[in-house]
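Structure data (mmCIF, N, CA and C atoms) from input24.cif:
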```cif
data_run
loop_
_atom_site.group_PDB
_atom_site.id
_atom_site.type_symbol
_atom_site.label_atom_id
_atom_site.label_comp_id
_atom_site.auth_asym_id
_atom_site.auth_seq_id
_atom_site.Cartn_x
_atom_site.Cartn_y
_atom_site.Cartn_z
ATOM 1 N N MET A 616 103.570 -25.459 60.172
ATOM 2 C CA MET A 616 102.938 -26.666 60.613
ATOM 3 C C MET A 616 101.881 -26.279 61.627
ATOM 4 N N MET A 617 100.642 -26.639 61.382
ATOM 5 C CA MET A 617 99.559 -26.301 62.303
ATOM 6 C C MET A 617 99.058 -27.561 62.968
ATOM 7 N N GLY A 618 98.908 -27.500 64.271
ATOM 8 C CA GLY A 618 98.373 -28.629 65.007
ATOM 9 C C GLY A 618 96.872 -28.532 65.106
ATOM 10 N N ALA A 619 96.265 -29.555 65.672
ATOM 11 C CA ALA A 619 94.817 -29.573 65.861
ATOM 12 C C ALA A 619 94.412 -28.408 66.743
ATOM 13 N N GLY A 620 93.359 -27.743 66.360
ATOM 14 C CA GLY A 620 92.864 -26.628 67.152
ATOM 15 C C GLY A 620 93.533 -25.306 66.841
ATOM 16 N N SER A 621 94.510 -25.307 65.931
ATOM 17 C CA SER A 621 95.177 -24.061 65.569
ATOM 18 C C SER A 621 94.301 -23.263 64.623
ATOM 19 N N LEU A 622 94.411 -21.974 64.710
ATOM 20 C CA LEU A 622 93.669 -21.107 63.798
ATOM 21 C C LEU A 622 94.380 -21.046 62.463
ATOM 22 N N GLY A 623 93.607 -21.004 61.395
ATOM 23 C CA GLY A 623 94.179 -20.848 60.071
ATOM 24 C C GLY A 623 94.649 -19.421 59.860
ATOM 25 N N GLU A 624 95.394 -19.181 58.776
ATOM 26 C CA GLU A 624 95.928 -17.849 58.486
ATOM 27 C C GLU A 624 94.830 -16.807 58.380
ATOM 28 N N ALA A 625 93.780 -17.129 57.656
ATOM 29 C CA ALA A 625 92.702 -16.156 57.463
ATOM 30 C C ALA A 625 92.027 -15.828 58.788
ATOM 31 N N GLU A 626 91.879 -16.837 59.644
ATOM 32 C CA GLU A 626 91.232 -16.611 60.936
ATOM 33 C C GLU A 626 92.083 -15.731 61.853
ATOM 34 N N ARG A 627 93.388 -15.811 61.706
ATOM 35 C CA ARG A 627 94.281 -15.008 62.543
ATOM 36 C C ARG A 627 94.535 -13.635 61.943
ATOM 37 N N GLY A 628 94.230 -13.487 60.659
ATOM 38 C CA GLY A 628 94.469 -12.208 60.006
ATOM 39 C C GLY A 628 95.937 -11.964 59.708
ATOM 40 N N VAL A 629 96.697 -13.033 59.501
ATOM 41 C CA VAL A 629 98.116 -12.899 59.173
ATOM 42 C C VAL A 629 98.389 -13.649 57.883
ATOM 43 N N SER A 630 99.514 -13.328 57.272
ATOM 44 C CA SER A 630 99.808 -13.942 55.987
ATOM 45 C C SER A 630 100.703 -15.166 56.094
ATOM 46 N N GLY A 631 101.384 -15.359 57.206
ATOM 47 C CA GLY A 631 102.290 -16.494 57.334
ATOM 48 C C GLY A 631 101.862 -17.427 58.442
ATOM 49 N N PRO A 632 102.528 -18.587 58.538
ATOM 50 C CA PRO A 632 102.188 -19.538 59.590
ATOM 51 C C PRO A 632 102.544 -18.988 60.973
ATOM 52 N N ARG A 633 101.785 -19.401 61.960
ATOM 53 C CA ARG A 633 102.045 -18.964 63.330
ATOM 54 C C ARG A 633 103.351 -19.589 63.809
ATOM 55 N N LYS A 634 104.174 -18.808 64.432
ATOM 56 C CA LYS A 634 105.441 -19.289 64.964
ATOM 57 C C LYS A 634 105.356 -19.331 66.480
ATOM 58 N N ASN A 635 105.833 -20.417 67.030
ATOM 59 C CA ASN A 635 105.957 -20.504 68.476
ATOM 60 C C ASN A 635 107.252 -19.825 68.873
ATOM 61 N N ARG A 636 107.260 -19.228 70.031
ATOM 62 C CA ARG A 636 108.445 -18.522 70.512
ATOM 63 C C ARG A 636 108.827 -19.113 71.862
ATOM 64 N N VAL A 637 110.102 -19.441 72.007
ATOM 65 C CA VAL A 637 110.585 -20.018 73.259
ATOM 66 C C VAL A 637 112.006 -19.530 73.512
ATOM 67 N N THR A 638 112.320 -19.325 74.771
ATOM 68 C CA THR A 638 113.678 -18.955 75.157
ATOM 69 C C THR A 638 114.366 -20.200 75.695
ATOM 70 N N VAL A 639 115.545 -20.481 75.154
ATOM 71 C CA VAL A 639 116.313 -21.652 75.569
ATOM 72 C C VAL A 639 117.677 -21.203 76.071
ATOM 73 N N ASN A 640 118.345 -22.104 76.758
ATOM 74 C CA ASN A 640 119.663 -21.813 77.301
ATOM 75 C C ASN A 640 120.648 -22.824 76.740
ATOM 76 N N ILE A 641 121.671 -22.319 76.065
ATOM 77 C CA ILE A 641 122.740 -23.166 75.531
ATOM 78 C C ILE A 641 124.057 -22.566 75.978
ATOM 79 N N MET A 642 124.836 -23.338 76.670
ATOM 80 C CA MET A 642 126.137 -22.890 77.186
ATOM 81 C C MET A 642 125.997 -21.605 78.003
ATOM 82 N N ASP A 643 125.009 -21.581 78.863
ATOM 83 C CA ASP A 643 124.758 -20.458 79.769
ATOM 84 C C ASP A 643 124.426 -19.150 79.046
ATOM 85 N N GLU A 644 123.972 -19.257 77.816
ATOM 86 C CA GLU A 644 123.517 -18.089 77.064
ATOM 87 C C GLU A 644 122.080 -18.329 76.629
ATOM 88 N N GLU A 645 121.257 -17.294 76.745
ATOM 89 C CA GLU A 645 119.859 -17.415 76.351
ATOM 90 C C GLU A 645 119.680 -17.077 74.876
ATOM 91 N N TYR A 646 118.835 -17.858 74.233
ATOM 92 C CA TYR A 646 118.487 -17.643 72.834
ATOM 93 C C TYR A 646 116.968 -17.706 72.725
ATOM 94 N N THR A 647 116.387 -16.746 72.038
ATOM 95 C CA THR A 647 114.957 -16.785 71.772
ATOM 96 C C THR A 647 114.773 -17.317 70.365
ATOM 97 N N ILE A 648 113.985 -18.370 70.269
ATOM 98 C CA ILE A 648 113.786 -19.059 68.998
ATOM 99 C C ILE A 648 112.319 -18.960 68.603
ATOM 100 N N ARG A 649 112.091 -18.665 67.336
ATOM 101 C CA ARG A 649 110.729 -18.679 66.788
ATOM 102 C C ARG A 649 110.695 -19.744 65.707
ATOM 103 N N ALA A 650 109.769 -20.688 65.849
ATOM 104 C CA ALA A 650 109.665 -21.781 64.879
ATOM 105 C C ALA A 650 108.269 -22.374 64.915
ATOM 106 N N ASP A 651 107.976 -23.162 63.913
ATOM 107 C CA ASP A 651 106.693 -23.856 63.860
ATOM 108 C C ASP A 651 106.619 -24.977 64.894
ATOM 109 N N ALA A 652 107.758 -25.473 65.313
ATOM 110 C CA ALA A 652 107.812 -26.628 66.214
ATOM 111 C C ALA A 652 107.248 -26.311 67.592
ATOM 112 N N ASP A 653 106.845 -27.362 68.274
ATOM 113 C CA ASP A 653 106.343 -27.264 69.637
ATOM 114 C C ASP A 653 107.441 -26.705 70.549
ATOM 115 N N PRO A 654 107.117 -25.787 71.451
ATOM 116 C CA PRO A 654 108.126 -25.214 72.348
ATOM 117 C C PRO A 654 108.886 -26.262 73.163
ATOM 118 N N GLU A 655 108.211 -27.307 73.609
ATOM 119 C CA GLU A 655 108.901 -28.350 74.377
ATOM 120 C C GLU A 655 109.917 -29.085 73.513
ATOM 121 N N TYR A 656 109.589 -29.272 72.252
ATOM 122 C CA TYR A 656 110.523 -29.909 71.326
ATOM 123 C C TYR A 656 111.742 -29.017 71.106
ATOM 124 N N MET A 657 111.517 -27.716 70.961
ATOM 125 C CA MET A 657 112.637 -26.783 70.784
ATOM 126 C C MET A 657 113.534 -26.789 72.020
ATOM 127 N N LYS A 658 112.936 -26.889 73.208
ATOM 128 C CA LYS A 658 113.728 -26.967 74.441
ATOM 129 C C LYS A 658 114.554 -28.245 74.466
ATOM 130 N N LEU A 659 113.966 -29.338 74.000
ATOM 131 C CA LEU A 659 114.702 -30.598 73.927
ATOM 132 C C LEU A 659 115.894 -30.466 72.987
ATOM 133 N N LEU A 660 115.677 -29.860 71.823
ATOM 134 C CA LEU A 660 116.778 -29.663 70.875
ATOM 135 C C LEU A 660 117.892 -28.832 71.494
ATOM 136 N N ALA A 661 117.521 -27.768 72.184
ATOM 137 C CA ALA A 661 118.523 -26.912 72.825
ATOM 138 C C ALA A 661 119.306 -27.694 73.875
ATOM 139 N N LYS A 662 118.630 -28.552 74.612
ATOM 140 C CA LYS A 662 119.290 -29.377 75.632
ATOM 141 C C LYS A 662 120.301 -30.323 74.984
ATOM 142 N N VAL A 663 119.907 -30.921 73.866
ATOM 143 C CA VAL A 663 120.801 -31.834 73.157
ATOM 144 C C VAL A 663 122.018 -31.078 72.625
ATOM 145 N N VAL A 664 121.797 -29.895 72.068
ATOM 146 C CA VAL A 664 122.910 -29.075 71.567
ATOM 147 C C VAL A 664 123.837 -28.703 72.718
ATOM 148 N N ASP A 665 123.270 -28.251 73.820
ATOM 149 C CA ASP A 665 124.061 -27.878 74.993
ATOM 150 C C ASP A 665 124.922 -29.054 75.450
ATOM 151 N N GLU A 666 124.333 -30.234 75.517
ATOM 152 C CA GLU A 666 125.079 -31.418 75.949
ATOM 153 C C GLU A 666 126.219 -31.741 74.994
ATOM 154 N N ARG A 667 125.970 -31.607 73.698
ATOM 155 C CA ARG A 667 126.995 -31.948 72.712
ATOM 156 C C ARG A 667 128.148 -30.948 72.754
ATOM 157 N N VAL A 668 127.849 -29.661 72.912
ATOM 158 C CA VAL A 668 128.908 -28.647 73.002
ATOM 159 C C VAL A 668 129.698 -28.850 74.296
ATOM 160 N N ARG A 669 129.000 -29.099 75.388
ATOM 161 C CA ARG A 669 129.685 -29.336 76.663
ATOM 162 C C ARG A 669 130.567 -30.583 76.602
ATOM 163 N N ALA A 670 130.131 -31.607 75.890
ATOM 164 C CA ALA A 670 130.941 -32.818 75.735
ATOM 165 C C ALA A 670 132.234 -32.503 74.984
ATOM 166 N N ALA A 671 132.136 -31.672 73.949
ATOM 167 C CA ALA A 671 133.337 -31.277 73.201
ATOM 168 C C ALA A 671 134.289 -30.501 74.099
ATOM 169 N N LEU A 672 133.746 -29.610 74.922
ATOM 170 C CA LEU A 672 134.585 -28.834 75.845
ATOM 171 C C LEU A 672 135.168 -29.711 76.945
ATOM 172 N N SER A 673 134.407 -30.688 77.376
ATOM 173 C CA SER A 673 134.885 -31.598 78.414
ATOM 174 C C SER A 673 136.067 -32.423 77.905
ATOM 175 N N ALA A 674 136.002 -32.814 76.644
ATOM 176 C CA ALA A 674 137.084 -33.589 76.045
ATOM 177 C C ALA A 674 138.341 -32.752 75.860
ATOM 178 N N ASN A 675 138.174 -31.442 75.689
ATOM 179 C CA ASN A 675 139.311 -30.538 75.516
ATOM 180 C C ASN A 675 138.965 -29.195 76.145
ATOM 181 N N PRO A 676 139.234 -29.037 77.444
ATOM 182 C CA PRO A 676 138.854 -27.812 78.156
ATOM 183 C C PRO A 676 139.467 -26.526 77.602
ATOM 184 N N ARG A 677 140.553 -26.616 76.865
ATOM 185 C CA ARG A 677 141.192 -25.414 76.309
ATOM 186 C C ARG A 677 140.552 -24.957 74.999
ATOM 187 N N LEU A 678 139.629 -25.734 74.520
ATOM 188 C CA LEU A 678 138.970 -25.434 73.256
ATOM 189 C C LEU A 678 138.103 -24.183 73.384
ATOM 190 N N ALA A 679 138.167 -23.311 72.394
ATOM 191 C CA ALA A 679 137.293 -22.130 72.372
ATOM 192 C C ALA A 679 135.853 -22.591 72.187
ATOM 193 N N ARG A 680 134.937 -21.835 72.758
ATOM 194 C CA ARG A 680 133.517 -22.206 72.663
ATOM 195 C C ARG A 680 133.051 -22.303 71.216
ATOM 196 N N SER A 681 133.543 -21.412 70.375
ATOM 197 C CA SER A 681 133.131 -21.446 68.966
ATOM 198 C C SER A 681 133.613 -22.732 68.290
ATOM 199 N N ARG A 682 134.803 -23.165 68.631
ATOM 200 C CA ARG A 682 135.314 -24.416 68.061
ATOM 201 C C ARG A 682 134.551 -25.617 68.612
ATOM 202 N N ALA A 683 134.188 -25.553 69.884
ATOM 203 C CA ALA A 683 133.382 -26.625 70.475
ATOM 204 C C ALA A 683 132.032 -26.710 69.766
ATOM 205 N N ALA A 684 131.469 -25.557 69.427
ATOM 206 C CA ALA A 684 130.194 -25.535 68.705
ATOM 207 C C ALA A 684 130.345 -26.164 67.323
ATOM 208 N N ILE A 685 131.460 -25.876 66.645
ATOM 209 C CA ILE A 685 131.709 -26.466 65.326
ATOM 210 C C ILE A 685 131.874 -27.977 65.447
ATOM 211 N N LEU A 686 132.596 -28.429 66.464
ATOM 212 C CA LEU A 686 132.751 -29.871 66.671
ATOM 213 C C LEU A 686 131.401 -30.527 66.953
ATOM 214 N N ALA A 687 130.560 -29.847 67.705
ATOM 215 C CA ALA A 687 129.217 -30.368 67.965
ATOM 216 C C ALA A 687 128.435 -30.469 66.655
ATOM 217 N N CYS A 688 128.550 -29.452 65.809
ATOM 218 C CA CYS A 688 127.871 -29.483 64.506
ATOM 219 C C CYS A 688 128.369 -30.647 63.659
ATOM 220 N N LEU A 689 129.672 -30.863 63.654
ATOM 221 C CA LEU A 689 130.230 -31.984 62.897
ATOM 222 C C LEU A 689 129.721 -33.316 63.442
ATOM 223 N N SER A 690 129.601 -33.402 64.741
ATOM 224 C CA SER A 690 129.078 -34.614 65.367
ATOM 225 C C SER A 690 127.626 -34.855 64.953
ATOM 226 N N PHE A 691 126.821 -33.790 64.957
ATOM 227 C CA PHE A 691 125.433 -33.914 64.507
ATOM 228 C C PHE A 691 125.369 -34.305 63.033
ATOM 229 N N ALA A 692 126.230 -33.699 62.208
ATOM 230 C CA ALA A 692 126.246 -34.010 60.780
ATOM 231 C C ALA A 692 126.623 -35.475 60.560
ATOM 232 N N ASP A 693 127.575 -35.961 61.337
ATOM 233 C CA ASP A 693 127.973 -37.367 61.262
ATOM 234 C C ASP A 693 126.790 -38.270 61.611
ATOM 235 N N ASP A 694 126.103 -37.953 62.693
ATOM 236 C CA ASP A 694 124.918 -38.728 63.085
ATOM 237 C C ASP A 694 123.882 -38.735 61.962
ATOM 238 N N LEU A 695 123.635 -37.571 61.383
ATOM 239 C CA LEU A 695 122.634 -37.445 60.327
ATOM 240 C C LEU A 695 122.997 -38.293 59.111
ATOM 241 N N GLU A 696 124.248 -38.215 58.674
ATOM 242 C CA GLU A 696 124.665 -38.972 57.494
ATOM 243 C C GLU A 696 124.582 -40.475 57.742
ATOM 244 N N LYS A 697 124.929 -40.909 58.944
ATOM 245 C CA LYS A 697 124.816 -42.337 59.278
ATOM 246 C C LYS A 697 123.357 -42.775 59.285
ATOM 247 N N LEU A 698 122.475 -41.928 59.812
ATOM 248 C CA LEU A 698 121.048 -42.257 59.816
ATOM 249 C C LEU A 698 120.481 -42.293 58.401
ATOM 250 N N LYS A 699 120.937 -41.369 57.553
ATOM 251 C CA LYS A 699 120.490 -41.379 56.157
ATOM 252 C C LYS A 699 120.898 -42.682 55.473
ATOM 253 N N ALA A 700 122.144 -43.089 55.686
ATOM 254 C CA ALA A 700 122.636 -44.324 55.075
ATOM 255 C C ALA A 700 121.840 -45.521 55.589
ATOM 256 N N ARG A 701 121.562 -45.547 56.870
ATOM 257 C CA ARG A 701 120.779 -46.647 57.456
ATOM 258 C C ARG A 701 119.359 -46.648 56.890
ATOM 259 N N TYR A 702 118.767 -45.478 56.764
ATOM 260 C CA TYR A 702 117.426 -45.354 56.189
ATOM 261 C C TYR A 702 117.406 -45.906 54.763
ATOM 262 N N GLU A 703 118.383 -45.510 53.959
ATOM 263 C CA GLU A 703 118.453 -45.988 52.576
ATOM 264 C C GLU A 703 118.609 -47.501 52.539
ATOM 265 N N GLU A 704 119.423 -48.029 53.433
ATOM 266 C CA GLU A 704 119.616 -49.477 53.512
ATOM 267 C C GLU A 704 118.293 -50.175 53.859
ATOM 268 N N LEU A 705 117.580 -49.643 54.831
ATOM 269 C CA LEU A 705 116.296 -50.228 55.223
ATOM 270 C C LEU A 705 115.271 -50.125 54.094
ATOM 271 N N MET A 706 115.269 -49.010 53.382
ATOM 272 C CA MET A 706 114.339 -48.851 52.261
ATOM 273 C C MET A 706 114.648 -49.861 51.156
ATOM 274 N N ARG A 707 115.936 -50.114 50.893
ATOM 275 C CA ARG A 707 116.312 -51.126 49.902
ATOM 276 C C ARG A 707 115.816 -52.499 50.337
ATOM 277 N N MET A 708 115.953 -52.794 51.631
ATOM 278 C CA MET A 708 115.498 -54.084 52.155
ATOM 279 C C MET A 708 113.983 -54.226 52.007
ATOM 280 N N VAL A 709 113.255 -53.154 52.254
ATOM 281 C CA VAL A 709 111.795 -53.179 52.102
ATOM 282 C C VAL A 709 111.434 -53.428 50.643
ATOM 283 N N GLU A 710 112.107 -52.731 49.734
ATOM 284 C CA GLU A 710 111.829 -52.901 48.305
ATOM 285 C C GLU A 710 112.145 -54.323 47.846
ATOM 286 N N GLU A 711 113.248 -54.885 48.337
ATOM 287 C CA GLU A 711 113.622 -56.248 47.959
ATOM 288 C C GLU A 711 112.625 -57.264 48.497
ATOM 289 N N ALA A 712 112.030 -56.980 49.638
ATOM 290 C CA ALA A 712 111.074 -57.900 50.259
ATOM 291 C C ALA A 712 109.723 -57.890 49.546
ATOM 292 N N ARG A 713 109.482 -56.888 48.735
ATOM 293 C CA ARG A 713 108.183 -56.792 48.030
ATOM 294 C C ARG A 713 108.115 -57.727 46.866
#
```
Would you mind writing the file's structure down as structure tokens?
Amino acid sequence: MMGAGSLGEAERGVSGPRKNRVTVNIMDEEYTIRADADPEYMKLLAKVVDERVRAALSANPRLARSRAAILACLSFADDLEKLKARYEELMRMVEEAR
């Protein structure tokens, strides 16, 4: 994904899209992420992940960090599936209104 003012592949002399690189902190561990997304957006995502894992640990302090991470993933997956269902419902309503 290239934003306004970004150099094209040929101009940069590379074969793939430019990746932004950012270091984030999740559960007191640093991770370096390379992605097309804006670095501030990646930091926001890391903050949300950190909060969700910490919430799982807060609910059960004896939980292993890896299990807390899995519970956070399940929570995100649940959110995603509910949003997909809501989106489909809204799209049906739009189609019916036409």
Inset, instruction - Run DSSP on the backbone and give me the residues of chain A it puts in helix (DSSP H, G or I), as number ranges by chain. - result: A: 624-627, 654-674, 680-712
Do you know which residues the PyMOL selection byres (((chain A and resi 649 and name CA) around 8) and name CA) returns on this file, as an mmCIF file with N, CA and C atoms, in the coordinates of the input?
```cif
data_model
loop_
_atom_site.group_PDB
_atom_site.id
_atom_site.type_symbol
_atom_site.label_atom_id
_atom_site.label_comp_id
_atom_site.auth_asym_id
_atom_site.auth_seq_id
_atom_site.Cartn_x
_atom_site.Cartn_y
_atom_site.Cartn_z
ATOM 1 N N LYS A 634 104.174 -18.808 64.432
ATOM 2 C CA LYS A 634 105.441 -19.289 64.964
ATOM 3 C C LYS A 634 105.356 -19.331 66.480
ATOM 4 N N ASN A 635 105.833 -20.417 67.030
ATOM 5 C CA ASN A 635 105.957 -20.504 68.476
ATOM 6 C C ASN A 635 107.252 -19.825 68.873
ATOM 7 N N ARG A 636 107.260 -19.228 70.031
ATOM 8 C CA ARG A 636 108.445 -18.522 70.512
ATOM 9 C C ARG A 636 108.827 -19.113 71.862
ATOM 10 N N VAL A 637 110.102 -19.441 72.007
ATOM 11 C CA VAL A 637 110.585 -20.018 73.259
ATOM 12 C C VAL A 637 112.006 -19.530 73.512
ATOM 13 N N THR A 647 116.387 -16.746 72.038
ATOM 14 C CA THR A 647 114.957 -16.785 71.772
ATOM 15 C C THR A 647 114.773 -17.317 70.365
ATOM 16 N N ILE A 648 113.985 -18.370 70.269
ATOM 17 C CA ILE A 648 113.786 -19.059 68.998
ATOM 18 C C ILE A 648 112.319 -18.960 68.603
ATOM 19 N N ALA A 650 109.769 -20.688 65.849
ATOM 20 C CA ALA A 650 109.665 -21.781 64.879
ATOM 21 C C ALA A 650 108.269 -22.374 64.915
ATOM 22 N N ASP A 651 107.976 -23.162 63.913
ATOM 23 C CA ASP A 651 106.693 -23.856 63.860
ATOM 24 C C ASP A 651 106.619 -24.977 64.894
#
```
Inset, instruction - Measure the distance from atom C of Ile685 (chain A) to atom C of Ala700 (chain A) in Å and round it to one decimal. - result: 22.5 Å
Inset, instruction - Skip Val639 (chain A) itself and residues of its chain fewer than 6 positions away, then list as a PyMOL selection string all residues within 7 Å of it, counting only N, CA and C atoms. - result: chain A and resi 645-648+657-658+661
Inset, instruction - Using atom C of Thr638 (chain A) and CA of Arg677 (chain A) as the two end points, give the distance in Å to one decimal. - result: 27.3 Å
Legend entry - Per-residue DSSP, chain A, filtered to strand (DSSP E), as a list in words: Asn635, Arg636, Val637, Thr638, Val639, Asn640, Ile641, Glu644, Glu645, Tyr646, Thr647, Ile648, Arg649 and Ala650 of chain A
Inset, instruction - May I ask which of the residues A:Ile641, A:Leu698, A:Met708, A:Ala692 is the closest one to Arg669 (chain A), counting only C-alpha atoms? - result: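 For Arg669 (chain A), the nearest of the given residues is A:Ile641.
When atom N of Ala683 (chain A) is paired with CA of Val664 (chain A), their separation reads 11.9 Å.
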Put a box with edges along x, y and z around all the listed atoms of region 695-708 of chain A, pad it by 5 Å on each side, then give me its centre and sizes in Å, one decimal, as lines of an AutoDock Vina configuration file.
```
center_x = 119.5
center_y = -45.8
center_z = 55.6
size_x = 20.9
size_y = 26.8
size_z = 21.5
```
